[in-house]
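S.K.: The structure is given below, and queries will be raised subsequently.
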Amino acid sequence: MTPRIPATIVTGFLGAGKTTLIRNLIAQANGKRIALIVNEFGDMGFDGELLADCGDDDCKPDTVIELTNGCICCTVADDFLPTIEALLAREPAPDHIVIETSGLALPQPLVRAFTWPSVRHRVTIDGVVTVVDAAAVSEGRFAVDEVALAAQRAADPSLDHDDPIEELFEDQLSCADLIVLSKTDLLDAAAIAGVEAIVREGSRGAARSVHGTPNGLPSEILLGVGAAAEDDAFERKSHHDLEGEEHDHDDFDSFVVETKAWPSIDALGDAVRLAMGAAGVLRIKGRVVVTGKAAPAVVQAVGPRVETYFAPGDKAGRLVVIGARGLDRATVETHLKA
Ligand SMILES: Nc1nc2c(ncn2[C@@H]2O[C@H](COP(=O)(O)OP(=O)(O)OP(=O)(O)O)[C@@H](O)[C@H]2O)c(=O)[nH]1
């Protein structure tokens with residue numbers, strides 16, 4: 001019997017550091033044929049471009065397939081299964097498959113897809129790797145503010161108090177075989193210990209955790225976990241499974257802003273900071289043109305952190321904005337089109 005191809009599912013909330021981790025993994029591929037399946041929330045891919053274009057011919061993945069028809073967890077049967085079947089039909093087959101889920105995806109439905117007969121005998125889930133943004137956790141961005149919640153409940157007991165961000169965080173964490181704590185370089189030891197305690201509390205007993213770095217992790221840590229997660233796929237439950245509800249993404253919204261050339265990278269950074277401050281905005285990313293510069297500027301904004309830097313690439317001039325439903329789009333557009 002031919003050995004099954006290992007697959008790694010990389011999950012984690014918006015901007016946690018999934019693409020960063022995978023980019024560095026590809027750079028260490030050493031001739032190994034790694035096929036990437038990248039899923040984005042919203043219909044514009046950006047991570048796929050970043051991954052396909054390392055700026056170095058030695059670190060190209062074997063294949064990059066972008067799934068942009070919706071969040072992978074809701075399009076498993078229509079989108080993911082045909083994609084992986086087509087990938088398995090290729091000659092030569094990949095040595096390893098890496099799947100980057102959208103930051104708003106639940107990993108559980110994807111794990112279950114690997115029990116599908118056409119996939120199960122060909123592929124095994126080597127591990128679900130959940131990237132946890134330690135800086136965001138330490139700032140309480142995934143936790144409901146219990147005091148504020150109690151006050152809201154007292155004011156209006158009929159309000160729906162489920163916090164979609166907190167639930168997603170918990171579902172991504174509880175499905176993990178390996179947890180990578182990213183952005184610990186931004187925290188002191190006490191803050192890291194606090195995050196580690198939260199992560200321990202929310203993860204399965206069998207899960208291991210490691211600290212990431214801005215330069216990724218050695219492939220020996222990320223690959224070869226050997227979890228065979230499909231074997232207990234149905235025991236890995238999400239909030240929606242437990243509550244008997246359908247999962248949808250109505251709680252979140254995304255759109256693309258087309259931007260003209262910016263006069264300077266500083267002006268761009270200031271505008272993105274203002275846009276991130278608009279109500280409901282969680283993530284802005286993309287590439288834009290800066291007048292007089294040969295390379296486009298990459299924009300990476302997650303919560304309060306905004307990075308802008310020049311890097312090779314094309315398709316510049318668009319920024320993807322993701323946030324909570326009802327986010328203040330008008331304010332975002334005012335700043336990003338100014
Ligand atoms: N300081 C620091 N920054 C990091 C680390 N990991 C990632 N980042 C930064 O965080 C930002 C988001 O990283 P990405 O890798 O794009 O995150 P992602 O999870 O792929 O984002 P989405 O696909 O949009 O959900 C980038 O600016 C990265 O450089 C880390 O360990 N330390």
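Just so we're on the same page: first chain in the structure tokens is A, next is B, and so on; residues restart at 1 for each chain, and ligands are numbered from 1 in the order they show up.
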Let me have all residues with an atom within 7 Å of ligand 1, counting only C-alpha atoms and all ligand atoms, laid out as number ranges by chain.

M.R.: A: 12-21, 40, 47, 102-103, 182-186, 212-214, 283, 300-302, 307

S.K.: Can you tell me, as JSON, numbers by chain, what residues are no more than 10 Å from stretch 254-264 of chain A when counting only C-alpha atoms, ignoring any on the same chain fewer than 2 positions away?

M.R.: {"A": [41, 42, 43, 44, 252, 266, 267, 268, 269, 281, 282, 283, 284, 285, 286, 287, 288, 289, 290, 291, 292, 293, 296, 297, 316, 317, 318, 319, 320, 321, 322, 323, 324, 325, 327, 329, 332, 333, 336, 337, 338]}

S.K.: I'd like the neighbourhood of A:Asn24 as a VMD selection string, where a residue qualifies if any of its atoms comes within 9 Å (using only C-alpha atoms), though same-chain residues fewer than 4 positions away should be ignored.

M.R.: chain A and resid 19 to 20 28 to 29 59 215 to 219

S.K.: Using the chain letters and numbers from this document, which residues of stretch 88-220 of chain A does DSSP assign to strand (DSSP E), as an NGL selection string?

M.R.: :A and (96-100 or 123-133 or 178-182 or 208-211)

S.K.: Convert the current residue selection to file output with C-alpha atoms, as a short mmCIF file (atom, residue, chain, number, x, y, z; two decimals), in the first residue's frame.

M.R.:
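Saved file result.cif follows:
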data_model
loop_
_atom_site.label_atom_id
_atom_site.label_comp_id
_atom_site.auth_asym_id
_atom_site.auth_seq_id
_atom_site.Cartn_x
_atom_site.Cartn_y
_atom_site.Cartn_z
CA HIS A 96 3.24 17.15 1.91
CA ILE A 97 0.06 19.21 1.75
CA VAL A 98 -0.28 22.40 3.79
CA ILE A 99 -3.67 24.06 4.15
CA GLU A 100 -3.93 27.60 5.44
CA VAL A 123 -4.01 11.45 3.00
CA THR A 124 -3.53 11.62 6.77
CA ILE A 125 -3.67 14.79 8.85
CA ASP A 126 -0.19 15.10 10.27
CA GLY A 127 -1.38 17.86 12.56
CA VAL A 128 -3.70 20.78 13.11
CA VAL A 129 -1.36 23.68 13.86
CA THR A 130 -3.11 26.59 15.55
CA VAL A 131 -1.28 29.89 15.55
CA VAL A 132 -2.22 31.95 18.58
CA ASP A 133 -1.46 35.67 18.54
CA LEU A 178 0.33 21.81 17.96
CA ILE A 179 -0.09 25.39 19.18
CA VAL A 180 2.33 28.04 18.01
CA LEU A 181 2.37 31.13 20.19
CA SER A 182 3.30 33.93 17.80
CA ARG A 208 1.80 20.61 22.57
CA SER A 209 2.70 24.27 22.43
CA VAL A 210 5.79 26.07 21.21
CA HIS A 211 6.84 29.70 20.85
#

S.K.: In terms of the shortest atom-to-atom distance over only C-alpha atoms, which of A:Leu36, A:Leu104, A:Ile26, A:Ala271 is closest to A:Val306?

M.R.: A:Ala271

S.K.: With distances taken over only C-alpha atoms, which residue among A:Cys74, A:Leu25, A:Leu67, A:Thr11 lies nearest A:Thr101?

M.R.: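 Ranked by minimum distance to A:Thr101, first place goes to A:Thr11.
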
S.K.: Quick one: DSSP alpha helix (DSSP H) residues in stretch 80-173 of chain A, as a ChimeraX atom specification?

M.R.: /A:81-88,107-113,117-120,134-138,146-155,164-173

S.K.: Go ahead and save the picked residues with C-alpha atoms, as a compact mmCIF listing (two decimals), in the first residue's frame.

M.R.:
# COMPACT_ATOMS: atom_id res chain seq x y z
CA LEU A 81 -12.87 18.06 -1.56
CA PRO A 82 -12.70 18.50 -5.37
CA THR A 83 -9.51 20.53 -4.93
CA ILE A 84 -7.75 17.91 -2.87
CA GLU A 85 -8.93 15.12 -5.15
CA ALA A 86 -7.48 16.99 -8.15
CA LEU A 87 -4.25 17.50 -6.24
CA LEU A 88 -4.01 13.80 -5.46
CA PRO A 107 -10.96 23.80 11.61
CA GLN A 108 -13.38 21.07 12.75
CA PRO A 109 -15.38 20.70 9.47
CA LEU A 110 -12.11 20.59 7.54
CA VAL A 111 -10.69 17.85 9.76
CA ARG A 112 -13.86 15.83 9.15
CA ALA A 113 -13.43 16.18 5.39
CA PRO A 117 -13.58 7.85 1.49
CA SER A 118 -11.79 9.32 -1.54
CA VAL A 119 -9.37 11.20 0.68
CA ARG A 120 -8.96 9.02 3.74
CA ALA A 134 0.03 35.91 22.03
CA ALA A 135 0.10 39.71 21.92
CA ALA A 136 -3.63 39.85 21.12
CA VAL A 137 -4.49 37.28 23.80
CA SER A 138 -2.48 39.20 26.35
CA GLU A 146 -16.92 40.04 31.95
CA VAL A 147 -17.59 43.31 33.77
CA ALA A 148 -18.92 45.04 30.65
CA LEU A 149 -20.95 41.92 29.81
CA ALA A 150 -22.60 41.86 33.24
CA ALA A 151 -23.48 45.55 32.83
CA GLN A 152 -25.00 44.91 29.38
CA ARG A 153 -26.99 41.97 30.68
CA ALA A 154 -28.33 44.07 33.51
CA ALA A 155 -29.35 46.78 31.02
CA PRO A 164 -18.08 35.33 17.75
CA ILE A 165 -14.41 36.23 18.12
CA GLU A 166 -14.07 34.49 21.45
CA GLU A 167 -15.88 31.40 20.17
CA LEU A 168 -13.68 31.20 17.09
CA PHE A 169 -10.56 31.54 19.20
CA GLU A 170 -11.74 28.73 21.48
CA ASP A 171 -12.70 26.47 18.57
CA GLN A 172 -9.39 26.96 16.79
CA LEU A 173 -7.49 26.32 20.01

S.K.: Expressed in Å to a single decimal, how great is the separation between atom CA of A:Asp250 and atom CA of A:Val199?

M.R.: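 Calculated distance between atom CA of A:Asp250 and atom CA of A:Val199 is 26.7 Å.
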
S.K.: Neighbours of A:Ala206 within 10 Å (only C-alpha atoms; same-chain residues fewer than 2 positions away dropped), as a list in words?

M.R.: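 So, after excluding close chain neighbours, the residues are Ala176, Asp177, Leu178, Ser203, Arg204, Arg208 and Ala227 of chain A.
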
S.K.: Please compute the atom CA of A:Phe234-atom CA of A:Ala77 distance, one decimal, in Å.

M.R.: 16.5 Å

S.K.: Report as number ranges by chain all protein, DNA and RNA residues lying within 12 Å of A:Glu243, evaluated on only C-alpha atoms, omitting residues in the same chain fewer than 4 positions from it.

M.R.: A: 162, 167, 237-239, 247

S.K.: By how many Å are atom CA of A:Thr63 and atom CA of A:Pro6 apart?

M.R.: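 Computed distance, atom CA of A:Thr63 to atom CA of A:Pro6, equals 15.5 Å.
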
S.K.: For each of A:Ile22, A:Pro304, A:Leu242, A:Pro312, take the minimum atom-to-atom distance to A:Val272, counting only C-alpha atoms, then give the residue where this is smallest.

M.R.: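 The shortest atom-to-atom distance to A:Val272 comes from A:Pro304.
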
S.K.: Using only C-alpha atoms for the distances, tell me which of A:Thr331, A:Asp163, A:Ile37, A:Thr75 is nearest to A:Leu106.

M.R.: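 Using only C-alpha atoms, the shortest distance to A:Leu106 belongs to A:Thr75.
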